[in-house]
Amino acid sequence: MKIVKSYIVVFFFGLLLFIFGCDNPAPTELVQDNSAQESPVQVQVLTKDTSNEYYSNGFDTTGVATTYSGTSDVVTISGVKVTVNNITTSSSLAQAVFFDKSHAVHTSNGGVMGYLTLAPGIVKFNNQRASKILYHLRFNDHGIHRDTVLGYQYILSQNSAIPFNFDYGSAISFQLDHMNGGMQYSFNIPTPEEITGRVDLTGKKANGNLNALLEWNASTLSNTKVVEIILGVMVKGTNTSYPLYKLSASDNGKLLVPPKLLNEIPFNKYDRFVFTFIRQFIIHHNEQGNDLTVYSQSIHSIILNIP
Amino acid sequence: MIGTVKISAQSSFGLSGYWTPLEENSTLMNSYEANPENFSSLKDWGLSFSYGGEFSNTPTSSLYLISLSKQIGRHFVSVRYTPGYQKDFIFNNGQSILIHDSTSQALDSKYTYKELFGFGYSYKFSGQFSAGFSLRYFKQEFDQESVEPVFSDTLYLNRFSKIDNINFWRADFGFNYLPSKYFSFSVSTINLFNINESAVDTTLIPYEIKKYKGVAFGLSVSPAENFDYNFIYETTNALQTGFDISFNIFNGKARIGVTGFHDNYQSPFIAGIIPAISFNTKFLGVSLSGVKYFSNRNIQHTFSEFTNEGLDNIINNRYSYDKVILTFTFALNTIAEKEVQFLDANIVRDIYPTMSDNYLNRPFATARVINLTHRTITIKPSSKIEGINEDRIVSPVVKIGPKDTAEVSFYTIIPQSYDKKKTGISFVDFFITADNSQPDDQIQKPILINGINSWDGKVINLRYFIKRDYQFSMDYSKKILSRYKSELDSMAYSISIFYKAKILFNNFVKELVYSANPTIAQDYVQFPNETLKLKGGNCDDLSVLYSSLLESVGIQTALVDYKPQNGIGHVNILIDTQLSPDQARLITDNDSKYFIRKNESGIDEVWIPVETTSLTNFDKAWQLGSEKFNRDALDNLGLAKGSVEIVDVY
């Protein structure tokens, strides 16, 4: 019996030792090889203040593609398609803004909102001269809506009079002729493959089970690896849209929007989704000491009623 | 190569390997994997735990298992808690959020698969056949980090964990058949029943544990002493095979074994082995086992591989690492190991309660028993007759050689207080005990218990109805003799015995009539008080009565058994007058009316035969008794031939 008691003591002592001296079995780390059913996606909030109806960065009238870095001049060329009620309209747009870095525009608390712009000369895209128009900047300055003009910008848009056409998978020439015999430079801007998106929107907002499966024509070239999709909403009864999130995904043709991003939207204010598919090149130039950022993008926006 | 191999491991894979059920082996009780039918040779309580480590890139140690089991008669139940039966997968789920326009934060997921606990039950229908089932609870936890937008004053993304649990029960059934100690066979199901919680998020369904249904067939043979070959095959085209060798050492048994495992999808053909070594004593068992895979386990796996292949076994899968397992078992045996066993038991004599002394020196039952051990043991037989014994009555011990059989005898004691007149069937429990405090084996048999008046027809056993200290007889005799006190006191002591016998006879015969019942071999014998109360009896009853009255006042008697001639037997008595042969003339001049016989002290004395059925007077009875004795016992040589026998009452 004495031996038995000894065994019991040893047994329970050992048991306690093991219970408190243990790890969980080693986990296995799996390498994400991007071939899962759902595409990898990066999410970024675009409009932080959705109550501000007066926000616009001003330098991209498509309003969807770029965020101002504040360090360089900007050239944007876009092939734009908009699908509403299954009817798609296409247009082409080119734009150039040149900032005067010595004249910053400040908010009331001293933050830099932008810079005054310059109109250095003549801007041409595919040898078509761009128009010089006023450059508006709208923003909310501590509750006060401000709408100001910072200078000029250059815009060339396709219309019956101007045969400017965004050739997908090709190139568009850019040319700047400074006035008064100043500097002059030109270069070709490559254009991405055309993107055509499709949205399979299921579920109901009332049930909180909205799902959006996004599909697009995957790139056949290796020069674009990422597609950006802007998920926006439109205010009820208006044509005012807000880009909410930017989703960055592999350009493999498929993406399931994280459902929470859809279902948490306050639908009492919005009645339509705007899904904007963007295939984009961003090219950085330095021309004669000036930094120039070029955005070349194919854009397809799809507007859908929220079920 | 391994990256393309689909590993769908055995359902029967156990961390300690696959061991034979042919010999007692405590490791089996741990494994619902190799033993879903919950077979065990454990005698009582069992407690065990397994602790081990994995040789992953970062070695870890875990408590794999704690189990508790209990044998209750033919039932065997066990429970186990398996905290180490867990497999975690962590990976970037492909989503990330961009904060402050530049900082990217990846969102991770963790899929956890656990077998939390299990329950087993089996029933031993016989020493050869048992069947049972096991019930196991699995937990699957899918923890996926995700983002949700928060619309307040500003819109921002909140990072949160979304946890889905899809838990399930698994039930399997099986049986074990052990027709001999050299061969065993088992059949068990694989995923017979699965009770699943349904997945809310249907995208997780591919990541649930696969539940292939099938059947596993197990076989163990022992072609040589201390050597077992074990084989188990699953219809999912998986198998395990191995052997174990055992030898006695340090008052215990050491075993060395190795199990190789294979399934249809693995490469090489034997995907790995489980070497094991164990040492078991009566109370404690220790085993050390390992799992060694023949393919490199510390390689990177991709999420798509995991998605495509899935998981069907938590402790053995393509992601499992080599392991080493230390298992302690503790047999809390309040029931000792059986060392001896009954082969059969027979009642050799019915119980006649009045003849109690008979059972002290003559067995009422015998049994054949076998020594199950490899050593000589001393066994202690005992018995308990329902309705007679309150405790077990221990019979003499018997020594039996190793693996030998022996016949043991059972004796009993019938208490003086037993007074049931009715004959009936009862039961007797026989026990045999070796070195243990508890019996090793027991068996029950029916037994006939006669009433206290029952007699087996043997005159020699009539003496049990005659008791020198029988209170009734003492009172009755003294009462009568006291009436003749003055006469008796006035005569010489030497002759007073004769006259006491005469007085007693002449008095009680006045109250009686004779009723013959000579043809019944197994008779009903009345006690003295009953004979007087009923005012009659046959030769047995009257001899018992007269003898009892005489014995109660110190007069020695003997029964004369005239054995049945033509089916009719008779009994009367002899009275020791305590007269020496020279004094015989004091009572008679006829030397045919007495004869010389030694008393209980071996001294020659004058004995006179008395026919108790002659209910007239003493002289007549003496006369008749003498005539019959002379004729049957002496003249016809009855004593010499054995047809007449004198039975001393004491």
# chains A, B, ... in the order shown; residues from 1 in each chain; ligands from 1
$ closest_atom_pairs --of "chain B" --to "chain A" --cutoff "8 Å" --atoms "only C-alpha atoms" --output "CSV"
residue,atom,partner,partner_atom,distance
B:Phe49,CA,A:Leu15,CA,7.6
B:Tyr51,CA,A:Phe18,CA,7.1
B:Gly53,CA,A:Pro25,CA,7.8
B:Glu54,CA,A:Pro25,CA,6.9
B:Ser56,CA,A:Ala26,CA,6.5
B:Thr58,CA,A:Ala26,CA,7.2
B:Pro59,CA,A:Ala26,CA,7.2
B:Thr60,CA,A:Asp23,CA,6.0
B:Ser61,CA,A:Cys22,CA,5.5
B:Ser62,CA,A:Cys22,CA,4.7
B:Leu63,CA,A:Cys22,CA,6.2
B:Gly84,CA,A:Pro25,CA,6.4
B:Gln86,CA,A:Pro25,CA,6.5
B:Lys87,CA,A:Pro27,CA,6.3
B:Asp88,CA,A:Pro27,CA,4.5
B:Phe89,CA,A:Thr28,CA,4.8
B:Ile90,CA,A:Glu29,CA,5.0
B:Phe91,CA,A:Leu30,CA,5.1
B:Asn92,CA,A:Gln32,CA,6.0
B:Asn93,CA,A:Gln32,CA,7.2
B:Gly94,CA,A:Pro40,CA,3.8
B:Gln95,CA,A:Val41,CA,4.6
B:Ser96,CA,A:Gln42,CA,4.4
B:Ile97,CA,A:Val43,CA,4.5
B:Leu98,CA,A:Gln44,CA,4.8
B:Ile99,CA,A:Gln44,CA,6.7
B:Asp101,CA,A:Gln44,CA,7.5
B:Ser104,CA,A:Gln42,CA,7.9
B:Ser146,CA,A:Pro258,CA,7.8
B:Val147,CA,A:Lys260,CA,7.0
B:Glu148,CA,A:Lys260,CA,5.1
B:Pro149,CA,A:Leu261,CA,5.8
B:Val150,CA,A:Glu264,CA,7.2
B:Phe151,CA,A:Ile265,CA,7.2
B:Asp153,CA,A:Asp49,CA,6.7
B:Thr154,CA,A:Asp49,CA,4.8
B:Leu155,CA,A:Lys48,CA,4.7
B:Tyr156,CA,A:Val45,CA,6.4
B:Leu157,CA,A:Val45,CA,7.1
B:Phe283,CA,A:Val4,CA,7.3
B:Leu284,CA,A:Tyr7,CA,7.4
B:Gln300,CA,A:Leu30,CA,6.8
B:His301,CA,A:Leu30,CA,5.3
B:Thr302,CA,A:Val31,CA,4.5
B:Phe303,CA,A:Gln32,CA,5.3
B:Ser304,CA,A:Ala36,CA,5.7
B:Phe306,CA,A:Leu30,CA,7.9
B:Thr307,CA,A:Ala36,CA,7.5
B:Tyr319,CA,A:Thr28,CA,6.9
B:Phe328,CA,A:Phe11,CA,7.9
B:Phe330,CA,A:Phe11,CA,7.8
$ select_by_dssp --residues "region 70-226 of chain A" --states "strand (DSSP E)" --output "JSON, numbers by chain"
{"A": [73, 74, 75, 76, 77, 78, 79, 80, 81, 82, 83, 84, 87, 88, 89, 90, 91, 92, 93, 94, 95, 96, 97, 98, 99, 100, 101, 102, 103, 104, 105, 106, 112, 113, 114, 115, 116, 117, 118, 121, 122, 123, 124, 125, 128, 129, 131, 132, 133, 134, 135, 136, 137, 138, 139, 140, 141, 144, 145, 146, 147, 148, 149, 150, 151, 152, 153, 154, 155, 156, 157, 171, 172, 173, 174, 175, 176, 177, 178, 184, 185, 186, 187, 188, 189, 190, 197, 198, 199, 200, 201, 202, 211, 212, 213, 214, 215, 216, 226]}
$ residues_around --residues "Leu481 (chain B)" --least-positions-apart "6" --cutoff "8 Å" --atoms "only C-alpha atoms" --output "PDB file with C-alpha atoms, in the first residue's frame"
ATOM      1  CA  LYS B 500     -32.186 -45.554  35.619  1.00  0.00           C
ATOM      2  CA  ILE B 503     -37.182 -46.313  34.964  1.00  0.00           C
ATOM      3  CA  LEU B 504     -36.838 -43.974  32.056  1.00  0.00           C
TER       4      LEU B 504
END
$ closest_residue --among "B:Ser490, B:Ser287, B:Asn453, B:Gln565" --to "Thr531 (chain B)" --atoms "only C-alpha atoms"
B:Asn453
$ closest_residue --among "B:Gly310, B:Pro363, B:Gly401, B:Gly252" --to "Asn280 (chain B)" --atoms "only C-alpha atoms"
B:Gly252
$ residues_around --residues "Asn450 (chain B)" --least-positions-apart "4" --cutoff "8 Å" --atoms "only C-alpha atoms" --output "number ranges by chain"
B: 350-353, 421-424, 454
$ write_last_selection --atoms "N, CA and C atoms" --output "short mmCIF file (atom, residue, chain, number, x, y, z; two decimals), in the first residue's frame"
data_model
loop_
_atom_site.label_atom_id
_atom_site.label_comp_id
_atom_site.auth_asym_id
_atom_site.auth_seq_id
_atom_site.Cartn_x
_atom_site.Cartn_y
_atom_site.Cartn_z
N ASP B 350 -26.04 -33.27 -0.38
CA ASP B 350 -27.07 -32.31 0.01
C ASP B 350 -26.86 -31.93 1.47
N ILE B 351 -27.47 -30.86 1.83
CA ILE B 351 -27.28 -30.37 3.20
C ILE B 351 -28.41 -30.90 4.10
N TYR B 352 -27.99 -31.63 5.15
CA TYR B 352 -28.90 -32.03 6.23
C TYR B 352 -28.47 -31.23 7.44
N PRO B 353 -29.19 -30.20 7.76
CA PRO B 353 -28.69 -29.26 8.77
C PRO B 353 -28.40 -29.91 10.12
N LYS B 421 -37.64 -26.16 9.21
CA LYS B 421 -38.12 -27.52 9.03
C LYS B 421 -38.37 -27.84 7.56
N LYS B 422 -38.48 -26.80 6.79
CA LYS B 422 -38.87 -27.01 5.40
C LYS B 422 -37.64 -27.27 4.52
N THR B 423 -37.78 -28.23 3.64
CA THR B 423 -36.71 -28.51 2.67
C THR B 423 -36.86 -27.60 1.46
N GLY B 424 -35.77 -27.10 0.97
CA GLY B 424 -35.87 -26.21 -0.19
C GLY B 424 -34.54 -26.07 -0.92
N SER B 454 -34.85 -33.79 8.59
CA SER B 454 -34.50 -34.70 7.49
C SER B 454 -33.30 -35.56 7.88
#
$ residues_around --residues "Arg80 (chain B)" --least-positions-apart "4" --cutoff "8 Å" --atoms "only C-alpha atoms" --output "count of residues only"
8
$ residues_around --residues "region 161-178 of chain A" --least-positions-apart "4" --cutoff "9 Å" --atoms "only C-alpha atoms" --output "number ranges by chain"
A: 75, 77-80, 91-94, 119-128, 156-157, 182-194, 298
$ atom_distance --atom1 "CA of Ser109 (chain B)" --atom2 "CA of Phe273 (chain A)"
29.0 Å
$ select_by_dssp --residues "region 156-295 of chain A" --states "alpha helix (DSSP H)" --output "list in words"
Pro259, Lys260, Leu261, Leu262 and Asn263 of chain A
$ residues_around --residues "Ala212 (chain A)" --least-positions-apart "3" --cutoff "9 Å" --atoms "only C-alpha atoms" --output "ChimeraX atom specification"
/A:199-203,255-259,262
$ decode --residues "region 172-216 of chain A" --atoms "N, CA and C atoms" --output "CSV table (one decimal), in the first residue's frame"
chain,number,residue,atom,x,y,z
A,172,ILE,N,-0.2,57.7,-75.6
A,172,ILE,CA,-0.7,59.1,-75.9
A,172,ILE,C,0.4,60.0,-75.7
A,173,SER,N,0.6,60.9,-76.6
A,173,SER,CA,1.8,61.9,-76.5
A,173,SER,C,1.3,63.1,-75.6
A,174,PHE,N,2.3,63.5,-74.9
A,174,PHE,CA,2.1,64.7,-74.0
A,174,PHE,C,3.2,65.7,-74.5
A,175,GLN,N,2.7,67.0,-74.5
A,175,GLN,CA,3.7,68.0,-74.9
A,175,GLN,C,3.4,69.3,-74.2
A,176,LEU,N,4.4,69.9,-73.6
A,176,LEU,CA,4.3,71.2,-73.0
A,176,LEU,C,5.2,72.2,-73.7
A,177,ASP,N,4.6,73.3,-74.2
A,177,ASP,CA,5.3,74.4,-74.8
A,177,ASP,C,5.2,75.6,-73.9
A,178,HIS,N,6.3,75.9,-73.3
A,178,HIS,CA,6.3,77.1,-72.4
A,178,HIS,C,6.1,78.4,-73.2
A,179,MET,N,5.4,79.3,-72.6
A,179,MET,CA,5.2,80.6,-73.2
A,179,MET,C,6.5,81.3,-73.2
A,180,ASN,N,6.6,82.2,-74.0
A,180,ASN,CA,7.7,83.2,-74.0
A,180,ASN,C,9.1,82.4,-74.1
A,181,GLY,N,9.0,81.4,-74.9
A,181,GLY,CA,10.2,80.7,-75.3
A,181,GLY,C,10.9,79.9,-74.1
A,182,GLY,N,10.1,79.6,-73.1
A,182,GLY,CA,10.6,78.9,-72.0
A,182,GLY,C,10.8,77.4,-72.3
A,183,MET,N,10.9,76.6,-71.3
A,183,MET,CA,11.3,75.2,-71.5
A,183,MET,C,10.1,74.5,-72.2
A,184,GLN,N,10.5,73.5,-72.9
A,184,GLN,CA,9.6,72.7,-73.7
A,184,GLN,C,10.0,71.2,-73.6
A,185,TYR,N,9.0,70.4,-73.4
A,185,TYR,CA,9.3,69.0,-73.4
A,185,TYR,C,8.1,68.2,-73.8
A,186,SER,N,8.3,67.0,-74.2
A,186,SER,CA,7.2,66.1,-74.6
A,186,SER,C,7.7,64.6,-74.4
A,187,PHE,N,6.7,63.8,-74.2
A,187,PHE,CA,7.0,62.3,-74.0
A,187,PHE,C,5.7,61.6,-74.3
A,188,ASN,N,5.8,60.3,-74.5
A,188,ASN,CA,4.7,59.4,-74.7
A,188,ASN,C,4.2,58.8,-73.4
A,189,ILE,N,2.9,58.8,-73.3
A,189,ILE,CA,2.4,58.1,-72.0
A,189,ILE,C,1.8,56.8,-72.5
A,190,PRO,N,2.3,55.7,-71.9
A,190,PRO,CA,1.6,54.4,-72.3
A,190,PRO,C,0.3,54.3,-71.6
A,191,THR,N,-0.6,53.6,-72.3
A,191,THR,CA,-2.0,53.4,-71.8
A,191,THR,C,-2.2,52.0,-71.4
A,192,PRO,N,-3.0,51.7,-70.4
A,192,PRO,CA,-3.2,50.3,-70.0
A,192,PRO,C,-4.3,49.7,-70.9
A,193,GLU,N,-4.4,48.4,-70.7
A,193,GLU,CA,-5.5,47.6,-71.4
A,193,GLU,C,-6.8,48.2,-70.9
A,194,GLU,N,-7.8,48.1,-71.7
A,194,GLU,CA,-9.1,48.6,-71.3
A,194,GLU,C,-9.7,47.6,-70.2
A,195,ILE,N,-10.3,48.2,-69.2
A,195,ILE,CA,-10.9,47.4,-68.2
A,195,ILE,C,-12.4,47.4,-68.3
A,196,THR,N,-13.1,46.3,-68.2
A,196,THR,CA,-14.5,46.2,-68.2
A,196,THR,C,-15.0,45.4,-67.0
A,197,GLY,N,-15.7,46.0,-66.2
A,197,GLY,CA,-16.1,45.3,-64.9
A,197,GLY,C,-17.5,44.8,-65.0
A,198,ARG,N,-17.8,44.0,-64.0
A,198,ARG,CA,-19.1,43.4,-63.8
A,198,ARG,C,-19.3,43.2,-62.3
A,199,VAL,N,-20.5,43.5,-61.9
A,199,VAL,CA,-20.8,43.4,-60.5
A,199,VAL,C,-22.0,42.5,-60.3
A,200,ASP,N,-21.7,41.4,-59.5
A,200,ASP,CA,-22.8,40.5,-59.1
A,200,ASP,C,-23.2,40.8,-57.7
A,201,LEU,N,-24.3,41.6,-57.6
A,201,LEU,CA,-24.7,42.1,-56.3
A,201,LEU,C,-25.8,41.3,-55.8
A,202,THR,N,-25.7,40.6,-54.7
A,202,THR,CA,-26.7,39.7,-54.1
A,202,THR,C,-27.0,40.1,-52.7
A,203,GLY,N,-28.1,39.6,-52.2
A,203,GLY,CA,-28.5,39.9,-50.8
A,203,GLY,C,-29.3,41.2,-50.8
A,204,LYS,N,-29.7,41.5,-49.5
A,204,LYS,CA,-30.5,42.7,-49.3
A,204,LYS,C,-29.9,43.5,-48.2
A,205,LYS,N,-29.9,44.8,-48.3
A,205,LYS,CA,-29.4,45.7,-47.3
A,205,LYS,C,-30.2,45.5,-46.0
A,206,ALA,N,-31.6,45.2,-46.2
A,206,ALA,CA,-32.4,45.1,-45.0
A,206,ALA,C,-32.0,43.8,-44.2
A,207,ASN,N,-31.5,42.9,-44.9
A,207,ASN,CA,-31.1,41.6,-44.2
A,207,ASN,C,-29.6,41.7,-43.8
A,208,GLY,N,-29.0,42.7,-44.2
A,208,GLY,CA,-27.6,42.8,-43.8
A,208,GLY,C,-26.7,41.8,-44.5
A,209,ASN,N,-27.1,41.3,-45.6
A,209,ASN,CA,-26.4,40.2,-46.2
A,209,ASN,C,-26.0,40.5,-47.7
A,210,LEU,N,-25.7,41.8,-47.9
A,210,LEU,CA,-25.3,42.2,-49.2
A,210,LEU,C,-23.9,41.6,-49.5
A,211,ASN,N,-23.8,41.1,-50.7
A,211,ASN,CA,-22.5,40.5,-51.2
A,211,ASN,C,-22.2,41.1,-52.6
A,212,ALA,N,-21.0,41.4,-52.8
A,212,ALA,CA,-20.7,41.9,-54.2
A,212,ALA,C,-19.5,41.2,-54.7
A,213,LEU,N,-19.8,40.4,-55.7
A,213,LEU,CA,-18.7,39.7,-56.4
A,213,LEU,C,-18.3,40.5,-57.6
A,214,LEU,N,-17.1,40.9,-57.6
A,214,LEU,CA,-16.6,41.8,-58.7
A,214,LEU,C,-15.8,41.0,-59.7
A,215,GLU,N,-16.1,41.2,-61.0
A,215,GLU,CA,-15.3,40.5,-62.0
A,215,GLU,C,-14.9,41.5,-63.1
A,216,TRP,N,-13.8,41.3,-63.6
A,216,TRP,CA,-13.4,42.1,-64.7
A,216,TRP,C,-12.5,41.3,-65.7
